[in-house]
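Next comes work_6.txt, with compact mmCIF, C-alpha atoms.
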```txt
# COMPACT_ATOMS: atom_id res chain seq x y z
CA MET A 181 99.48 172.39 72.41
CA PRO A 182 100.07 173.55 68.80
CA PHE A 183 103.64 174.06 67.67
CA VAL A 184 103.24 177.86 67.41
CA ARG A 185 102.33 178.14 71.09
CA LYS A 186 105.22 175.87 72.02
CA MET A 187 107.60 178.30 70.36
CA LEU A 188 106.80 180.84 73.08
CA ILE A 189 108.55 178.50 75.49
CA TYR A 190 111.75 178.92 73.51
CA GLN A 191 111.73 182.73 73.42
CA HIS A 192 114.49 182.74 75.99
CA LEU A 193 116.91 181.51 73.36
CA TYR A 194 119.23 184.10 71.97
CA GLU A 195 118.63 185.19 68.41
CA LYS A 196 121.86 183.53 67.19
CA GLU A 197 120.82 180.21 68.69
CA MET A 198 117.38 180.46 67.11
CA ILE A 199 118.89 181.18 63.70
CA PHE A 200 121.24 178.20 64.14
CA ILE A 201 118.28 175.94 65.00
CA ILE A 202 116.22 177.21 62.03
CA ASP A 203 119.19 176.73 59.66
CA ASN A 204 119.61 173.18 60.94
CA PHE A 205 115.92 172.50 60.34
CA GLU A 206 116.40 173.56 56.73
CA ARG A 207 119.50 171.33 56.41
CA LEU A 208 117.63 168.39 57.93
CA TYR A 209 114.56 168.90 55.77
CA LEU A 210 116.45 169.34 52.51
CA GLY A 211 118.91 166.56 53.35
CA VAL A 212 116.15 164.05 54.08
CA CYS A 213 114.14 165.09 50.99
CA ASN A 214 117.17 164.88 48.69
CA ILE A 215 118.27 161.52 50.09
CA TYR A 216 114.74 160.11 49.72
CA LYS A 217 114.37 161.35 46.13
CA ASP A 218 117.78 160.03 45.13
CA ILE A 219 117.16 156.64 46.73
CA GLN A 220 113.89 156.38 44.78
CA LYS A 221 115.72 157.23 41.53
CA ILE A 222 118.44 154.67 42.24
CA LYS A 223 115.89 151.97 43.15
CA LYS A 224 113.97 152.64 39.93
CA SER A 225 117.10 152.61 37.79
CA GLU A 226 118.73 149.56 39.37
CA MET A 227 115.54 147.47 39.48
CA SER A 228 114.71 148.19 35.84
CA PHE A 229 117.81 146.13 34.99
CA PHE A 230 115.98 143.14 36.54
CA GLY A 231 112.61 143.95 34.98
CA LEU A 232 111.37 145.09 38.39
CA SER A 233 110.56 148.44 39.94
CA GLY A 234 111.76 150.24 43.04
CA LYS A 235 108.79 149.01 45.07
CA HIS A 236 110.23 145.47 44.97
CA VAL A 237 113.49 146.38 46.76
CA MET A 238 112.26 146.25 50.34
CA PRO A 239 110.25 143.01 50.05
CA PHE A 240 113.34 141.32 48.52
CA TYR A 241 115.57 142.88 51.17
CA TYR A 242 113.46 141.75 54.11
CA LEU A 243 112.79 138.28 52.71
CA MET A 244 116.54 137.83 52.18
CA SER A 245 117.12 138.96 55.77
CA HIS A 246 114.48 136.53 57.08
CA PRO A 247 114.92 133.12 55.41
CA GLU A 248 112.40 131.74 57.94
CA GLY A 249 109.79 133.70 56.00
CA LEU A 250 107.66 136.74 56.73
CA THR A 251 103.99 137.58 56.39
CA ALA A 252 102.91 140.48 54.20
CA SER A 253 101.91 142.28 57.39
CA GLU A 254 105.43 141.89 58.77
CA ILE A 255 106.93 143.22 55.52
CA CYS A 256 104.62 146.25 55.78
CA ARG A 257 105.66 146.90 59.37
CA LEU A 258 109.38 146.44 58.72
CA SER A 259 109.43 148.60 55.59
CA ASN A 260 106.90 151.16 56.84
CA ALA A 261 104.93 150.63 53.62
CA ASP A 262 101.20 150.49 53.04
CA LYS A 263 99.38 147.17 52.76
CA ALA A 264 98.06 147.77 49.23
CA GLY A 265 101.47 148.62 47.79
CA VAL A 266 103.15 145.63 49.44
CA SER A 267 100.34 143.34 48.24
CA ARG A 268 100.80 144.52 44.65
CA SER A 269 104.57 144.04 44.86
CA LEU A 270 104.18 140.54 46.29
CA LYS A 271 101.63 139.60 43.63
CA GLU A 272 104.10 140.64 40.92
CA MET A 273 106.95 138.82 42.65
CA GLU A 274 104.82 135.69 42.88
CA SER A 275 103.85 135.84 39.20
CA GLU A 276 107.56 136.08 38.31
CA GLY A 277 108.30 133.03 40.45
CA TYR A 278 110.36 134.85 43.09
CA ILE A 279 108.21 134.01 46.12
CA LEU A 280 105.97 131.25 47.45
CA TYR A 281 103.25 131.49 50.07
CA GLU A 282 103.09 128.98 52.89
CA GLU A 283 100.43 126.38 52.19
CA ASN A 284 97.80 126.77 54.90
CA SER A 285 94.13 126.81 54.04
CA GLU A 286 93.19 128.02 57.54
CA LYS A 287 95.00 131.33 57.22
CA LYS A 288 94.19 134.23 55.00
CA ARG A 289 96.88 134.79 52.42
CA TYR A 290 97.92 138.07 54.03
CA ARG A 291 98.78 136.16 57.22
CA SER A 292 100.64 133.34 55.46
CA LYS A 293 104.42 133.18 55.56
CA ILE A 294 106.17 134.16 52.36
CA TYR A 295 109.45 132.63 51.24
CA LEU A 296 111.85 133.39 48.43
CA THR A 297 112.16 130.67 45.81
CA ALA A 298 115.61 129.63 44.55
CA GLU A 299 115.19 132.16 41.73
CA GLY A 300 114.05 134.76 44.27
CA ARG A 301 117.11 134.15 46.45
CA LYS A 302 119.34 134.50 43.39
CA LYS A 303 117.71 137.82 42.50
CA GLY A 304 117.73 138.85 46.17
CA LYS A 305 121.49 138.30 46.41
CA GLN A 306 122.00 140.55 43.39
CA ILE A 307 119.77 143.22 44.92
CA ARG A 308 121.51 142.94 48.29
CA ASN A 309 124.90 143.35 46.57
CA ILE A 310 123.66 146.55 44.91
CA ILE A 311 122.41 147.84 48.28
CA LEU A 312 125.78 147.02 49.86
CA GLN A 313 127.72 148.73 47.08
CA LEU A 314 125.56 151.88 47.17
CA THR A 315 125.66 152.05 50.97
CA MET A 316 129.44 151.76 50.97
CA GLU A 317 129.84 154.34 48.20
CA SER A 318 127.51 156.84 49.85
CA GLY A 319 129.52 156.75 53.08
CA GLN A 320 133.00 156.26 51.66
CA GLU A 321 134.31 159.52 53.15
CA LEU A 322 133.10 158.61 56.66
CA SER A 323 135.09 156.75 59.26
CA SER A 324 133.43 153.84 61.08
CA GLU A 325 132.94 156.10 64.11
CA GLU A 326 131.35 158.86 62.02
CA ARG A 327 129.06 156.36 60.32
CA GLU A 328 127.98 154.92 63.69
CA THR A 329 127.37 158.42 65.08
CA PHE A 330 125.36 159.39 62.00
CA TYR A 331 123.04 156.38 62.28
CA ARG A 332 122.67 156.84 66.04
CA VAL A 333 121.72 160.50 65.58
CA LEU A 334 119.42 159.62 62.69
CA ASP A 335 117.63 157.07 64.91
CA ILE A 336 117.26 159.64 67.70
CA LEU A 337 115.88 162.30 65.34
CA SER A 338 113.51 159.80 63.75
CA GLU A 339 112.19 158.64 67.13
CA ASN A 340 111.82 162.20 68.43
CA ILE A 341 110.01 163.43 65.33
CA HIS A 342 107.75 160.36 65.40
CA SER A 343 106.93 161.04 69.08
CA ILE A 344 106.10 164.68 68.30
CA CYS A 345 103.86 163.55 65.45
CA GLU A 346 102.10 160.94 67.61
CA LYS A 347 101.53 163.47 70.38
CA ALA A 348 100.21 166.05 67.90
CA ASN A 349 97.85 163.42 66.44
CA GLU A 350 96.53 162.68 69.92
CA GLU A 351 95.96 166.41 70.45
CA ASN A 352 94.48 166.74 66.92
CA THR A 353 96.93 169.47 65.99
CA ILE A 354 98.20 167.77 62.83
```
This entry written out as structure tokens:
Amino acid sequence: MPFVRKMLIYQHLYEKEMIFIIDNFERLYLGVCNIYKDIQKIKKSEMSFFGLSGKHVMPFYYLMSHPEGLTASEICRLSNADKAGVSRSLKEMESEGYILYEENSEKKRYRSKIYLTAEGRKKGKQIRNIILQLTMESGQELSSEERETFYRVLDILSENIHSICEKANEENTI
């Protein structure tokens, strides 16, 4: 059922409540857009110091978090990034000597485990420290409880919006 028809279900809401919900949609939309844009700017700026670009942040982050190695497919899934973009990032990281692919002639390269080299781990630690610093600074006015509530609510909203999108895709309304 398209979203417009679903709105008829909510007509019983009082006008004040509807305005409150619409205002919150705007806050959510603008907040998410602004956070995303600013994170992209920060990634670009901080990575340029290392001669890298923002697209390298998440592969470094996930490979640092998984010293047992990850496949390119796993990095894509974890970072919600497309295969082509991750492949380009990994190719650049390999040419700079930051990663090594597991030696296995039976597997396609995309299915081979990827590991950080010693130089990659050194760079990864620097990147992780920047992530830690920026995360702490961005939430410095929040208590631990507020931070936990924020991330819990963010997870719920993300899951709910994803479910709505999946259902709409199944119904071919998006």
Skipping near chain neighbours, those fewer than 3 positions away, what residues fall within 12 Å of segment 270-273 of chain A using all atoms listed in the file, listed as an MDAnalysis selection string? chainID A and resid 230:233 235:240 243 250:253 255:256 263:267 276:281 289:290 293:297 299:301 303:304
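With distances taken over all atoms listed in the file, A:Glu254 is the one residue among A:Glu325, A:Glu254, A:Glu339, A:Asp218 lying closest to Ser292 of chain A.
Considering the residues A:Ala348, A:Glu283, A:Gly234, A:Arg207 and counting only C-alpha atoms, Gln220 of chain A has its shortest atom-to-atom contact with A:Gly234.
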Given 6 Å of margin on each side, can you work out the centre and size in Å (one decimal) of an axis-aligned box holding every listed atom of segment 200-204 of chain A, as JSON?
```
{"center_x": 118.7, "center_y": 175.7, "center_z": 62.3, "size_x": 17.0, "size_y": 17.0, "size_z": 17.3}
```
Across A:Val333, A:Cys213, A:Met244, A:Met316, the smallest distance to Lys302 of chain A, with all atoms listed in the file counted, is shown by A:Met244
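Taking atom CA of Ser225 of chain A and atom CA of Asn309 of chain A as the two end points, the separation is 15.0 Å.
Between atom CA of Ala298 of chain A and atom CA of Glu274 of chain A lies a distance of 12.5 Å.
Coordinates place atom CA of Gln313 of chain A at a distance of 27.2 Å from atom CA of Asp262 of chain A.
Using only C-alpha atoms for every distance, the candidate list A:Leu258, A:Leu337, A:Ile222, A:Ile311 yields A:Leu337 as the residue closest to Phe205 of chain A.
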